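Visitor: Structure file final-v9.pdb, PDB, C-alpha atoms, is pasted below:
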ATOM      1  CA  MET W1454       0.000   0.000   0.000
ATOM      2  CA  ALA W1455       2.722   2.454   0.993
ATOM      3  CA  SER W1456       4.479   1.924  -2.344
ATOM      4  CA  ALA W1457       1.529   3.682  -4.022
ATOM      5  CA  THR W1458       2.695   7.015  -2.598
ATOM      6  CA  ASN W1459       5.841   8.983  -3.376
ATOM      7  CA  THR W1460       6.992  11.832  -1.127
ATOM      8  CA  SER W1461       8.452  13.630  -4.147
ATOM      9  CA  ASN W1462       4.831  14.411  -5.049
ATOM     10  CA  TYR W1463       4.037  15.930  -1.639
ATOM     11  CA  LYS W1464       3.583  19.652  -1.120
ATOM     12  CA  LEU W1465       3.633  21.860   1.957
ATOM     13  CA  ASN W1466       0.230  23.180   1.023
ATOM     14  CA  HIS W1467      -0.972  25.604   3.670
ATOM     15  CA  THR W1468      -0.681  27.169   7.099
ATOM     16  CA  MET W1469      -3.852  27.632   9.123
ATOM     17  CA  LEU W1470      -4.426  30.693  11.316
ATOM     18  CA  ARG W1471      -7.531  31.476  13.349
ATOM     19  CA  VAL W1472      -8.773  35.021  12.863
ATOM     20  CA  LYS W1473     -11.194  37.290  14.692
ATOM     21  CA  ASP W1474     -12.635  39.228  11.731
ATOM     22  CA  PRO W1475     -12.340  37.540   8.321
ATOM     23  CA  LYS W1476     -13.169  40.710   6.399
ATOM     24  CA  ALA W1477     -10.217  42.560   7.932
ATOM     25  CA  SER W1478      -7.859  39.593   7.576
ATOM     26  CA  VAL W1479      -8.770  38.775   3.965
ATOM     27  CA  LYS W1480      -8.372  42.471   3.100
ATOM     28  CA  PHE W1481      -4.866  42.507   4.627
ATOM     29  CA  TYR W1482      -3.614  39.426   2.789
ATOM     30  CA  GLU W1483      -5.189  40.609  -0.465
ATOM     31  CA  PHE W1484      -3.345  43.902   0.061
ATOM     32  CA  LEU W1485      -0.164  41.822   0.137
ATOM     33  CA  GLY W1486      -1.095  40.477  -3.292
ATOM     34  CA  MET W1487      -2.787  37.216  -2.355
ATOM     35  CA  SER W1488      -6.064  36.036  -3.877
ATOM     36  CA  LEU W1489      -8.965  34.210  -2.263
ATOM     37  CA  VAL W1490      -8.753  30.929  -4.190
ATOM     38  CA  LYS W1491     -11.370  29.016  -2.174
ATOM     39  CA  LYS W1492     -13.904  29.611   0.589
ATOM     40  CA  LEU W1493     -15.512  26.732   2.452
ATOM     41  CA  ALA W1494     -18.535  27.477   4.620
ATOM     42  CA  PHE W1495     -19.643  25.142   7.400
ATOM     43  CA  PRO W1496     -22.701  26.934   8.838
ATOM     44  CA  ASP W1497     -23.871  23.880  10.769
ATOM     45  CA  ASN W1498     -20.547  23.861  12.618
ATOM     46  CA  LYS W1499     -20.412  27.674  12.720
ATOM     47  CA  PHE W1500     -17.093  28.261  10.982
ATOM     48  CA  ASP W1501     -15.770  29.279   7.577
ATOM     49  CA  LEU W1502     -12.399  28.665   5.916
ATOM     50  CA  TYR W1503     -10.707  31.141   3.586
ATOM     51  CA  PHE W1504      -7.798  29.931   1.430
ATOM     52  CA  LEU W1505      -5.500  32.656   0.103
ATOM     53  CA  ALA W1506      -2.586  32.209  -2.291
ATOM     54  CA  TYR W1507      -0.502  34.051  -4.845
ATOM     55  CA  ASP W1508      -2.262  33.476  -8.143
ATOM     56  CA  SER W1509      -1.081  36.131 -10.616
ATOM     57  CA  PRO W1510       0.363  34.957 -13.951
ATOM     58  CA  LYS W1511       3.799  35.477 -12.347
ATOM     59  CA  ALA W1512       2.976  33.225  -9.378
ATOM     60  CA  VAL W1513       4.579  29.792  -8.984
ATOM     61  CA  SER W1514       1.212  28.049  -8.552
ATOM     62  CA  HIS W1515      -0.842  30.248 -10.887
ATOM     63  CA  GLY W1516      -4.114  28.575 -11.834
ATOM     64  CA  ALA W1517      -3.531  25.408  -9.809
ATOM     65  CA  SER W1518      -6.292  23.851  -7.713
ATOM     66  CA  THR W1519      -6.273  24.767  -4.032
ATOM     67  CA  PHE W1520      -4.553  21.634  -2.745
ATOM     68  CA  ASP W1521      -2.108  21.417  -5.654
ATOM     69  CA  ARG W1522      -0.258  24.486  -4.389
ATOM     70  CA  GLU W1523       2.367  25.475  -1.895
ATOM     71  CA  GLY W1524       2.384  28.648   0.195
ATOM     72  CA  VAL W1525      -1.345  28.881   0.882
ATOM     73  CA  ILE W1526      -2.693  30.608   3.994
ATOM     74  CA  GLU W1527      -5.918  29.215   5.441
ATOM     75  CA  LEU W1528      -7.852  31.602   7.676
ATOM     76  CA  THR W1529     -10.346  29.969  10.045
ATOM     77  CA  HIS W1530     -13.218  32.105  11.318
ATOM     78  CA  ASN W1531     -15.454  30.845  14.108
ATOM     79  CA  TYR W1532     -18.770  32.673  13.919
ATOM     80  CA  GLY W1533     -19.238  35.504  16.388
ATOM     81  CA  THR W1534     -15.619  36.235  17.253
ATOM     82  CA  GLU W1535     -15.745  39.477  15.243
ATOM     83  CA  ASP W1536     -18.394  40.821  17.623
ATOM     84  CA  ASP W1537     -16.718  39.612  20.827
ATOM     85  CA  PRO W1538     -14.690  42.478  22.380
ATOM     86  CA  ASN W1539     -12.794  40.015  24.556
ATOM     87  CA  TYR W1540     -11.696  37.678  21.759
ATOM     88  CA  THR W1541      -8.041  37.787  20.791
ATOM     89  CA  VAL W1542      -5.830  35.191  19.148
ATOM     90  CA  ASN W1543      -2.538  33.875  20.494
ATOM     91  CA  ASN W1544       0.035  35.038  17.943
ATOM     92  CA  GLY W1545       2.595  32.505  19.187
ATOM     93  CA  ASN W1546       5.230  35.046  20.177
ATOM     94  CA  LYS W1547       4.231  36.010  23.702
ATOM     95  CA  GLU W1548       5.261  34.166  26.836
ATOM     96  CA  PRO W1549       4.153  31.754  28.149
ATOM     97  CA  HIS W1550       2.409  30.697  24.927
ATOM     98  CA  ARG W1551       5.214  30.813  22.369
ATOM     99  CA  GLY W1552       5.396  28.239  19.591
ATOM    100  CA  PHE W1553       4.363  29.321  16.106
ATOM    101  CA  GLY W1554       6.473  32.280  15.035
ATOM    102  CA  HIS W1555       5.426  33.786  11.727
ATOM    103  CA  VAL W1556       4.605  33.451   8.081
ATOM    104  CA  CYS W1557       7.004  35.099   5.619
ATOM    105  CA  ILE W1558       6.576  36.739   2.242
ATOM    106  CA  SER W1559       9.506  37.395  -0.082
ATOM    107  CA  VAL W1560       9.259  40.525  -2.206
ATOM    108  CA  ASP W1561      10.898  42.273  -5.135
ATOM    109  CA  HIS W1562      11.771  45.596  -3.446
ATOM    110  CA  ILE W1563      11.667  45.359   0.330
ATOM    111  CA  GLN W1564      11.856  49.079   1.131
ATOM    112  CA  ALA W1565       9.036  49.927  -1.281
ATOM    113  CA  CYS W1566       6.971  47.013   0.055
ATOM    114  CA  CYS W1567       7.372  48.190   3.663
ATOM    115  CA  ASP W1568       6.600  51.799   2.720
ATOM    116  CA  ARG W1569       3.391  50.657   0.997
ATOM    117  CA  ILE W1570       2.308  48.628   4.049
ATOM    118  CA  GLU W1571       2.996  51.540   6.394
ATOM    119  CA  GLN W1572       1.177  54.029   4.168
ATOM    120  CA  ALA W1573      -1.886  51.758   4.244
ATOM    121  CA  GLY W1574      -1.974  52.118   8.026
ATOM    122  CA  TYR W1575      -0.790  48.649   9.008
ATOM    123  CA  LYS W1576       1.564  48.284  11.961
ATOM    124  CA  PHE W1577       4.993  46.715  12.295
ATOM    125  CA  GLN W1578       6.562  44.528  14.939
ATOM    126  CA  LYS W1579       9.929  45.469  13.439
ATOM    127  CA  LYS W1580      10.656  48.000  10.717
ATOM    128  CA  LEU W1581      13.644  47.672   8.394
ATOM    129  CA  THR W1582      15.449  50.397  10.297
ATOM    130  CA  ASP W1583      14.922  48.806  13.723
ATOM    131  CA  GLY W1584      17.784  46.862  15.322
ATOM    132  CA  ARG W1585      20.802  45.384  13.626
ATOM    133  CA  MET W1586      18.984  43.204  11.076
ATOM    134  CA  ARG W1587      18.208  45.878   8.491
ATOM    135  CA  ASN W1588      17.310  43.468   5.688
ATOM    136  CA  ILE W1589      14.178  41.978   7.276
ATOM    137  CA  ALA W1590      10.973  43.482   8.642
ATOM    138  CA  PHE W1591       7.942  42.112  10.449
ATOM    139  CA  ALA W1592       4.505  43.531   9.684
ATOM    140  CA  LEU W1593       1.502  42.762  11.882
ATOM    141  CA  ASP W1594      -1.704  41.398  10.423
ATOM    142  CA  PRO W1595      -5.058  42.487  11.958
ATOM    143  CA  ASP W1596      -4.814  39.777  14.641
ATOM    144  CA  GLY W1597      -1.215  40.542  15.537
ATOM    145  CA  TYR W1598       0.330  37.574  13.727
ATOM    146  CA  TRP W1599       3.850  38.390  12.570
ATOM    147  CA  VAL W1600       4.426  38.517   8.806
ATOM    148  CA  GLU W1601       8.126  38.545   8.005
ATOM    149  CA  ILE W1602       9.193  40.416   4.877
ATOM    150  CA  VAL W1603      12.417  39.447   3.109
ATOM    151  CA  SER W1604      13.940  40.362  -0.238
ATOM    152  CA  GLN W1605      14.059  37.971  -3.166
ATOM    153  CA  ASN W1606      17.383  39.613  -4.016
ATOM    154  CA  ILE W1607      19.873  37.726  -1.864
ATOM    155  CA  LYS W1608      22.364  40.613  -2.178
ATOM    156  CA  SER W1609      19.931  43.265  -0.941
ATOM    157  CA  THR W1610      20.997  45.040   2.246
ATOM    158  CA  GLY W1611      17.487  46.287   2.837
ATOM    159  CA  ALA W1612      17.192  49.705   4.448
ATOM    160  CA  ASP W1613      20.801  50.578   3.560
ATOM    161  CA  ASP W1614      20.684  49.496  -0.089
ATOM    162  CA  PRO W1615      20.662  52.364  -2.631
ATOM    163  CA  ALA W1616      19.015  49.982  -5.129
ATOM    164  CA  GLU W1617      15.958  49.816  -2.832
ATOM    165  CA  GLN W1618      15.358  53.568  -2.993
ATOM    166  CA  GLY W1619      12.931  55.229  -5.408
ATOM    167  CA  VAL W1620      11.553  52.021  -6.940
ATOM    168  CA  GLU W1621       8.016  50.640  -6.960
ATOM    169  CA  THR W1622       6.969  47.239  -5.709
ATOM    170  CA  ASP W1623       4.918  44.744  -7.739
ATOM    171  CA  VAL W1624       2.766  42.530  -5.484
ATOM    172  CA  SER W1625       2.257  40.047  -8.330
ATOM    173  CA  THR W1626       5.887  38.949  -7.881
ATOM    174  CA  TYR W1627       5.571  38.175  -4.157
ATOM    175  CA  ARG W1628       5.859  34.654  -2.723
ATOM    176  CA  MET W1629       4.400  33.145   0.457
ATOM    177  CA  ASN W1630       7.870  31.914   1.279
ATOM    178  CA  HIS W1631       7.802  30.103   4.605
ATOM    179  CA  THR W1632       6.182  29.352   7.931
ATOM    180  CA  MET W1633       8.259  29.395  11.098
ATOM    181  CA  ILE W1634       7.673  27.226  14.159
ATOM    182  CA  ARG W1635       9.908  26.846  17.206
ATOM    183  CA  VAL W1636      11.053  23.338  18.087
ATOM    184  CA  LYS W1637      12.413  21.910  21.315
ATOM    185  CA  ASP W1638      14.749  19.256  19.889
ATOM    186  CA  ALA W1639      16.172  20.005  16.448
ATOM    187  CA  GLU W1640      17.395  16.467  15.877
ATOM    188  CA  LYS W1641      13.986  14.913  16.535
ATOM    189  CA  SER W1642      12.142  17.512  14.459
ATOM    190  CA  LEU W1643      14.499  17.248  11.494
ATOM    191  CA  LYS W1644      14.125  13.453  11.567
ATOM    192  CA  PHE W1645      10.327  13.763  11.513
ATOM    193  CA  TYR W1646      10.150  16.310   8.706
ATOM    194  CA  THR W1647      12.792  14.688   6.490
ATOM    195  CA  GLU W1648      12.130  10.991   7.070
ATOM    196  CA  THR W1649       8.433  10.780   7.941
ATOM    197  CA  LEU W1650       7.185  13.657   5.798
ATOM    198  CA  GLY W1651       9.867  13.376   3.114
ATOM    199  CA  MET W1652      11.056  16.992   3.098
ATOM    200  CA  THR W1653      14.552  18.123   2.118
ATOM    201  CA  LEU W1654      16.749  20.225   4.408
ATOM    202  CA  LEU W1655      17.507  23.121   2.062
ATOM    203  CA  ARG W1656      19.515  25.467   4.236
ATOM    204  CA  THR W1657      20.826  25.786   7.799
ATOM    205  CA  HIS W1658      21.674  29.082   9.476
ATOM    206  CA  GLU W1659      23.726  28.817  12.667
ATOM    207  CA  ALA W1660      23.659  31.844  14.959
ATOM    208  CA  LYS W1661      25.987  30.448  17.623
ATOM    209  CA  GLU W1662      26.596  33.730  19.410
ATOM    210  CA  ALA W1663      22.860  34.287  19.724
ATOM    211  CA  GLY W1664      22.267  30.654  20.718
ATOM    212  CA  PHE W1665      19.928  29.436  17.984
ATOM    213  CA  ASN W1666      19.829  27.640  14.631
ATOM    214  CA  LEU W1667      17.377  27.995  11.759
ATOM    215  CA  TYR W1668      16.559  25.092   9.460
ATOM    216  CA  PHE W1669      14.733  25.639   6.151
ATOM    217  CA  LEU W1670      12.946  22.619   4.696
ATOM    218  CA  GLY W1671      10.827  22.042   1.640
ATOM    219  CA  TYR W1672       9.815  19.559  -1.008
ATOM    220  CA  GLY W1673      11.992  19.248  -4.082
ATOM    221  CA  ALA W1674      15.704  19.593  -4.752
ATOM    222  CA  ASN W1675      18.210  21.286  -2.510
ATOM    223  CA  ASP W1676      18.943  24.872  -3.559
ATOM    224  CA  ASN W1677      22.606  24.032  -4.029
ATOM    225  CA  GLU W1678      21.615  21.500  -6.645
ATOM    226  CA  THR W1679      19.211  23.731  -8.550
ATOM    227  CA  GLY W1680      21.124  26.990  -8.248
ATOM    228  CA  SER W1681      18.020  28.809  -7.044
ATOM    229  CA  ILE W1682      17.761  30.649  -3.733
ATOM    230  CA  THR W1683      15.238  29.867  -1.037
ATOM    231  CA  ALA W1684      13.734  33.388  -1.169
ATOM    232  CA  HIS W1685      12.263  32.592  -4.594
ATOM    233  CA  ARG W1686      10.523  29.488  -3.267
ATOM    234  CA  GLU W1687       7.073  29.181  -1.756
ATOM    235  CA  GLY W1688       5.775  26.787   0.879
ATOM    236  CA  LEU W1689       8.921  26.256   2.947
ATOM    237  CA  LEU W1690       9.085  25.383   6.629
ATOM    238  CA  GLU W1691      11.506  27.145   8.973
ATOM    239  CA  LEU W1692      12.335  25.407  12.244
ATOM    240  CA  THR W1693      13.844  27.607  14.967
ATOM    241  CA  TRP W1694      15.838  25.803  17.645
ATOM    242  CA  ASN W1695      17.088  27.662  20.699
ATOM    243  CA  TYR W1696      20.091  25.884  22.183
ATOM    244  CA  GLY W1697      19.481  23.884  25.325
ATOM    245  CA  THR W1698      15.712  23.502  25.194
ATOM    246  CA  GLU W1699      16.125  19.814  24.365
ATOM    247  CA  LYS W1700      17.863  19.280  27.730
ATOM    248  CA  ASP W1701      15.005  20.712  29.782
ATOM    249  CA  ALA W1702      12.537  17.934  30.577
ATOM    250  CA  ASP W1703       9.826  20.430  31.514
ATOM    251  CA  PHE W1704      10.215  22.680  28.480
ATOM    252  CA  LYS W1705       7.313  22.732  26.022
ATOM    253  CA  TYR W1706       6.155  24.965  23.199
ATOM    254  CA  HIS W1707       2.505  25.932  22.786
ATOM    255  CA  ASP W1708       0.909  24.057  19.877
ATOM    256  CA  GLY W1709      -1.623  26.788  19.035
ATOM    257  CA  ASN W1710      -4.607  24.485  19.556
ATOM    258  CA  SER W1711      -4.592  24.482  23.340
ATOM    259  CA  GLU W1712      -6.038  27.610  24.921
ATOM    260  CA  PRO W1713      -5.286  30.368  24.092
ATOM    261  CA  GLN W1714      -5.664  29.363  20.467
ATOM    262  CA  GLY W1715      -4.152  30.921  17.352
ATOM    263  CA  PHE W1716      -2.083  29.003  14.791
ATOM    264  CA  GLY W1717      -3.792  25.721  13.981
ATOM    265  CA  HIS W1718      -1.640  23.559  11.721
ATOM    266  CA  ILE W1719       0.468  23.170   8.650
ATOM    267  CA  CYS W1720      -0.862  20.950   5.880
ATOM    268  CA  VAL W1721       0.805  18.545   3.477
ATOM    269  CA  SER W1722      -1.038  17.475   0.327
ATOM    270  CA  VAL W1723      -0.194  14.014  -0.974
ATOM    271  CA  ASP W1724      -0.586  11.989  -4.168
ATOM    272  CA  ASN W1725      -2.574   9.118  -2.630
ATOM    273  CA  LEU W1726      -4.185   9.870   0.717
ATOM    274  CA  ASP W1727      -4.886   6.266   1.742
ATOM    275  CA  ALA W1728      -1.411   5.077   0.763
ATOM    276  CA  ALA W1729       0.301   8.039   2.422
ATOM    277  CA  CYS W1730      -1.531   7.388   5.681
ATOM    278  CA  ALA W1731      -0.650   3.681   5.447
ATOM    279  CA  ARG W1732       2.995   4.727   5.057
ATOM    280  CA  PHE W1733       2.780   7.021   8.102
ATOM    281  CA  GLU W1734       1.248   4.124  10.043
ATOM    282  CA  GLN W1735       4.158   1.861   9.050
ATOM    283  CA  MET W1736       6.596   4.543  10.210
ATOM    284  CA  GLN W1737       4.818   4.632  13.583
ATOM    285  CA  ALA W1738       3.912   8.289  13.285
ATOM    286  CA  ASN W1739       1.855   9.845  16.051
ATOM    287  CA  TRP W1740      -1.724  10.631  15.103
ATOM    288  CA  LYS W1741      -4.074  13.365  16.201
ATOM    289  CA  LYS W1742      -6.757  12.048  13.843
ATOM    290  CA  ARG W1743      -6.651   9.065  11.522
ATOM    291  CA  LEU W1744      -8.659   9.094   8.296
ATOM    292  CA  THR W1745     -11.180   6.741   9.859
ATOM    293  CA  ASP W1746     -11.749   8.920  12.953
ATOM    294  CA  GLY W1747     -14.756  11.214  13.138
ATOM    295  CA  ARG W1748     -16.987  12.361  10.301
ATOM    296  CA  MET W1749     -14.323  13.926   8.065
ATOM    297  CA  LYS W1750     -12.978  10.895   6.194
ATOM    298  CA  ASN W1751     -10.843  12.889   3.744
ATOM    299  CA  VAL W1752      -8.433  14.556   6.175
ATOM    300  CA  ALA W1753      -5.985  13.202   8.734
ATOM    301  CA  PHE W1754      -3.748  14.897  11.288
ATOM    302  CA  LEU W1755      -0.281  13.844  12.440
ATOM    303  CA  LEU W1756       1.518  15.211  15.490
ATOM    304  CA  ASP W1757       5.107  16.356  15.107
ATOM    305  CA  PRO W1758       7.592  15.919  18.010
ATOM    306  CA  ASP W1759       6.430  19.203  19.595
ATOM    307  CA  GLY W1760       2.739  18.380  19.277
ATOM    308  CA  TYR W1761       2.116  20.716  16.331
ATOM    309  CA  TRP W1762      -0.677  19.434  14.105
ATOM    310  CA  VAL W1763       0.182  18.426  10.527
ATOM    311  CA  GLU W1764      -2.900  18.008   8.357
ATOM    312  CA  VAL W1765      -2.713  15.503   5.499
ATOM    313  CA  VAL W1766      -5.031  15.944   2.500
ATOM    314  CA  GLN W1767      -5.359  14.659  -1.051
ATOM    315  CA  ASN W1768      -3.715  16.676  -3.831
ATOM    316  CA  GLU W1769      -6.656  17.073  -6.210
ATOM    317  CA  ARG W1770      -4.460  16.840  -9.321
ATOM    318  CA  PHE W1771      -3.819  13.152  -8.587
ATOM    319  CA  ALA W1772      -7.439  12.379  -7.652
ATOM    320  CA  GLY W1773      -9.035  14.253 -10.536
ATOM    321  CA  LYS W1774     -11.755  15.723  -8.339
ATOM    322  CA  GLU W1775     -12.260  18.432  -5.706
ATOM    323  CA  ASN W1776     -11.733  17.517  -2.051
ATOM    324  CA  PHE W1777     -14.671  19.562  -0.814
TER     325      PHE W1777
END
Take the structure in this file and express it as structure tokens.
Guide:
Amino acid sequence: MASATNTSNYKLNHTMLRVKDPKASVKFYEFLGMSLVKKLAFPDNKFDLYFLAYDSPKAVSHGASTFDREGVIELTHNYGTEDDPNYTVNNGNKEPHRGFGHVCISVDHIQACCDRIEQAGYKFQKKLTDGRMRNIAFALDPDGYWVEIVSQNIKSTGADDPAEQGVETDVSTYRMNHTMIRVKDAEKSLKFYTETLGMTLLRTHEAKEAGFNLYFLGYGANDNETGSITAHREGLLELTWNYGTEKDADFKYHDGNSEPQGFGHICVSVDNLDAACARFEQMQANWKKRLTDGRMKNVAFLLDPDGYWVEVVQNERFAGKENF
């Protein structure tokens, strides 16, 4: 059964975030150049799902079906939260509920992109000119989730680059580049994402003086083999490991699904859902929900070593029909 699935066909399809007001959130991500490619309404269960992705003719996944893409953002809206003055999401970056870190878009001209965001009235966690890292910024979406902004030009020095001055930005060239989650034990997490899920470790950044490492993973060839740079990719996963957490028996990151909730899951789409789940079973993966559990028989959820949820769905291109 497991031989009927091939991890080279898998895609890191989407990242799910719970939102308070879908109108405000959809407007923000559309302002960043994304398009609403699918909306699923579940009125009986009192929630809606909004799937946003880059879909211009210049986009990597232009015209593809929703689950045959990478770099999708799924916004989950539970009815009534928009009218609840006490409802806020956990953005994953505040103690003691840290875990999920951010989503990241890569852009053509980072200074012009940040200027456009600021002029529209959106706030920043970190502007280009803040701190020592002057080639990255973090905007805040309407719920306070961090949206990292990086340049697709690997040589760009950001705020200090003369080439970034006086140019316009084209949102149709943007990519939903990666999703960052913090992990307790890098070795265990890398084993899960490379062996169980079949991803490739594309790049490692060691910040020894600061006491952390970053690991960038994705499906497909290593950048060194293709000659491309990770900033031009979409649908990557960034694991952040702070040294020493693996030695603390009591240390635990927040998975986003325990209260207070925020980030929900990442999702991998596969070529053959039944065969992929049979393979995960053979590899003794930990399950949150098997295909046969509950009423939803076309989605499953794995648990990674930190307890983050990993949804598994059918890539519609291989099935020849819509999932929903």
Visitor: Selected by the PyMOL selection byres ((chain W and resi 1527) around 6) in the shown coordinates: which residues, as a PyMOL selection string?
Guide: chain W and resi 1468-1469+1503-1504+1526+1528
Visitor: Region 1690-1751 of chain W near region 1538-1546 of chain W within 9 Å: what's each residue's closest atom pair and its distance in Å to one decimal, counting all atoms listed in the file, ordered by chain then ascending residue number, as a Markdown table?
Guide:
| residue | atom | partner | partner_atom | distance |
| --- | --- | --- | --- | --- |
| W:His1707 | CA | W:Gly1545 | CA | 7.5 |
| W:Asp1708 | CA | W:Gly1545 | CA | 8.6 |
| W:Gly1709 | CA | W:Gly1545 | CA | 7.1 |
| W:Glu1712 | CA | W:Asn1543 | CA | 8.4 |
| W:Pro1713 | CA | W:Asn1543 | CA | 5.7 |
| W:Gln1714 | CA | W:Asn1543 | CA | 5.5 |
| W:Gly1715 | CA | W:Asn1543 | CA | 4.6 |
| W:Phe1716 | CA | W:Asn1544 | CA | 7.1 |
Visitor: Give as a ChimeraX atom specification every residue, naming chains and numbers as the document does, that has an atom within 9 Å of (3.4, 16.9, 0.2), counting all atoms listed in the file.
Guide: /W:1460-1466,1523,1650-1652,1672,1720-1724,1765-1766,1768
Visitor: With distances taken over all atoms listed in the file, which residue among W:Asn1459, W:Ser1625, W:Asn1666, W:Thr1529 lies nearest Asp1474 (chain W)?
Guide: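 Checking each of W:Asn1459, W:Ser1625, W:Asn1666, W:Thr1529 against Asp1474 (chain W), counting all atoms listed in the file, the winner is W:Thr1529.
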Visitor: Between CA of Arg1748 (chain W) and CA of Asn1776 (chain W), measure the distance and give it in Å to one decimal.
Guide: 14.4 Å
Visitor: Please identify all polymer residues within 10 Å of Ala1506 (chain W), counting only C-alpha atoms, omitting same-chain residues fewer than 3 positions from it, and present them as an mmCIF file with C-alpha atoms, in the frame of the given file.
Guide:
data_model
loop_
_atom_site.group_PDB
_atom_site.id
_atom_site.type_symbol
_atom_site.label_atom_id
_atom_site.label_comp_id
_atom_site.auth_asym_id
_atom_site.auth_seq_id
_atom_site.Cartn_x
_atom_site.Cartn_y
_atom_site.Cartn_z
ATOM 1 C CA HIS W 1467 -0.972 25.604 3.670
ATOM 2 C CA TYR W 1482 -3.614 39.426 2.789
ATOM 3 C CA GLU W 1483 -5.189 40.609 -0.465
ATOM 4 C CA GLY W 1486 -1.095 40.477 -3.292
ATOM 5 C CA MET W 1487 -2.787 37.216 -2.355
ATOM 6 C CA SER W 1488 -6.064 36.036 -3.877
ATOM 7 C CA LEU W 1489 -8.965 34.210 -2.263
ATOM 8 C CA VAL W 1490 -8.753 30.929 -4.190
ATOM 9 C CA LYS W 1491 -11.370 29.016 -2.174
ATOM 10 C CA SER W 1509 -1.081 36.131 -10.616
ATOM 11 C CA ALA W 1512 2.976 33.225 -9.378
ATOM 12 C CA SER W 1514 1.212 28.049 -8.552
ATOM 13 C CA HIS W 1515 -0.842 30.248 -10.887
ATOM 14 C CA THR W 1519 -6.273 24.767 -4.032
ATOM 15 C CA ARG W 1522 -0.258 24.486 -4.389
ATOM 16 C CA GLU W 1523 2.367 25.475 -1.895
ATOM 17 C CA GLY W 1524 2.384 28.648 0.195
ATOM 18 C CA VAL W 1525 -1.345 28.881 0.882
ATOM 19 C CA ILE W 1526 -2.693 30.608 3.994
ATOM 20 C CA GLU W 1527 -5.918 29.215 5.441
ATOM 21 C CA ARG W 1628 5.859 34.654 -2.723
ATOM 22 C CA MET W 1629 4.400 33.145 0.457
#
Visitor: Quote the spacing between CA of Val1624 (chain W) and CA of Ser1604 (chain W) in Å to one decimal place.
Guide: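 Going from CA of Val1624 (chain W) over to CA of Ser1604 (chain W), I get 12.5 Å.
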Visitor: I'd like the residues picked by the PyMOL selection byres ((chain W and resi 1596) around 8) written out as a PDB file with C-alpha atoms, in the frame of the given file, using the chain letters and numbers from the file.
Guide:
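In the end it all went to expr_17.pdb:
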ATOM      1  CA  VAL W1472      -8.773  35.021  12.863  1.00  0.00           C
ATOM      2  CA  LYS W1473     -11.194  37.290  14.692  1.00  0.00           C
ATOM      3  CA  SER W1478      -7.859  39.593   7.576  1.00  0.00           C
ATOM      4  CA  THR W1541      -8.041  37.787  20.791  1.00  0.00           C
ATOM      5  CA  VAL W1542      -5.830  35.191  19.148  1.00  0.00           C
ATOM      6  CA  ASN W1544       0.035  35.038  17.943  1.00  0.00           C
ATOM      7  CA  LEU W1593       1.502  42.762  11.882  1.00  0.00           C
ATOM      8  CA  ASP W1594      -1.704  41.398  10.423  1.00  0.00           C
ATOM      9  CA  PRO W1595      -5.058  42.487  11.958  1.00  0.00           C
ATOM     10  CA  GLY W1597      -1.215  40.542  15.537  1.00  0.00           C
ATOM     11  CA  TYR W1598       0.330  37.574  13.727  1.00  0.00           C
TER      12      TYR W1598
END
Visitor: Got a sec to resolve the PyMOL selection byres ((chain W and resi 1581) around 10) on this structure and send the residues as a VMD selection string?
Guide: chain W and resid 1563 to 1564 1567 to 1568 1577 1579 to 1580 1582 to 1591 1602 to 1603 1610 to 1613
Visitor: Given all atoms listed in the file as the basis, pick out the residue of W:Lys1774, W:Arg1471, W:His1550, W:His1562 nearest to Pro1615 (chain W).
Guide: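 Closest to Pro1615 (chain W) of all the choices is W:His1562.
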Visitor: Between CA of Ser1518 (chain W) and CA of Val1479 (chain W), what is the distance, to one decimal in Å?
Guide: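 That distance, rounded to one decimal, is 19.1 Å.
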Visitor: In terms of the shortest atom-to-atom distance over only C-alpha atoms, which of W:Lys1511, W:Lys1608, W:Lys1641, W:Arg1686 is closest to Cys1557 (chain W)?
Guide: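 Of W:Lys1511, W:Lys1608, W:Lys1641, W:Arg1686, the one nearest Cys1557 (chain W) is W:Arg1686, counting only C-alpha atoms.
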Visitor: Looking at all atoms listed in the file, which of W:Val1560, W:Leu1493, W:Val1513, W:Leu1670 is the one that sits closest to Lys1644 (chain W)?
Guide: W:Leu1670
Visitor: Using only C-alpha atoms, pick whichever of W:Tyr1696, W:Trp1599, W:Tyr1706, W:Phe1645 has the shortest atom-to-atom distance to Glu1548 (chain W).
Guide: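 Among W:Tyr1696, W:Trp1599, W:Tyr1706, W:Phe1645, it is W:Tyr1706 that comes nearest to Glu1548 (chain W).
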Visitor: I'd like the contact shell of Ala1660 (chain W) - 12 Å cut-off, all atoms listed in the file, skipping same-chain residues fewer than 5 positions apart - returned as a compact mmCIF listing (two decimals) with C-alpha atoms, in the frame of the given file.
Guide:
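The resulting file, around.txt, is shown below:
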# COMPACT_ATOMS: atom_id res chain seq x y z
CA PHE W 1665 19.93 29.44 17.98
CA ASN W 1666 19.83 27.64 14.63
CA LEU W 1667 17.38 28.00 11.76
CA TYR W 1668 16.56 25.09 9.46
CA THR W 1693 13.84 27.61 14.97
CA TRP W 1694 15.84 25.80 17.64
CA ASN W 1695 17.09 27.66 20.70
CA TYR W 1696 20.09 25.88 22.18
Visitor: List as a list in words: which residues have an atom within 6 Å of (13.1, 37.4, -4.3), counting only C-alpha atoms?
Guide: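 Here the neighbourhood of the point contains Ser1559, Val1560, Asp1561, Ser1604, Gln1605, Asn1606, Ala1684 and His1685 of chain W.
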Visitor: Looking at W:Leu1470, W:Ala1565, W:Met1736, W:Phe1553, which one is nearest to Asp1614 (chain W), with distances taken over all atoms listed in the file?
Guide: W:Ala1565
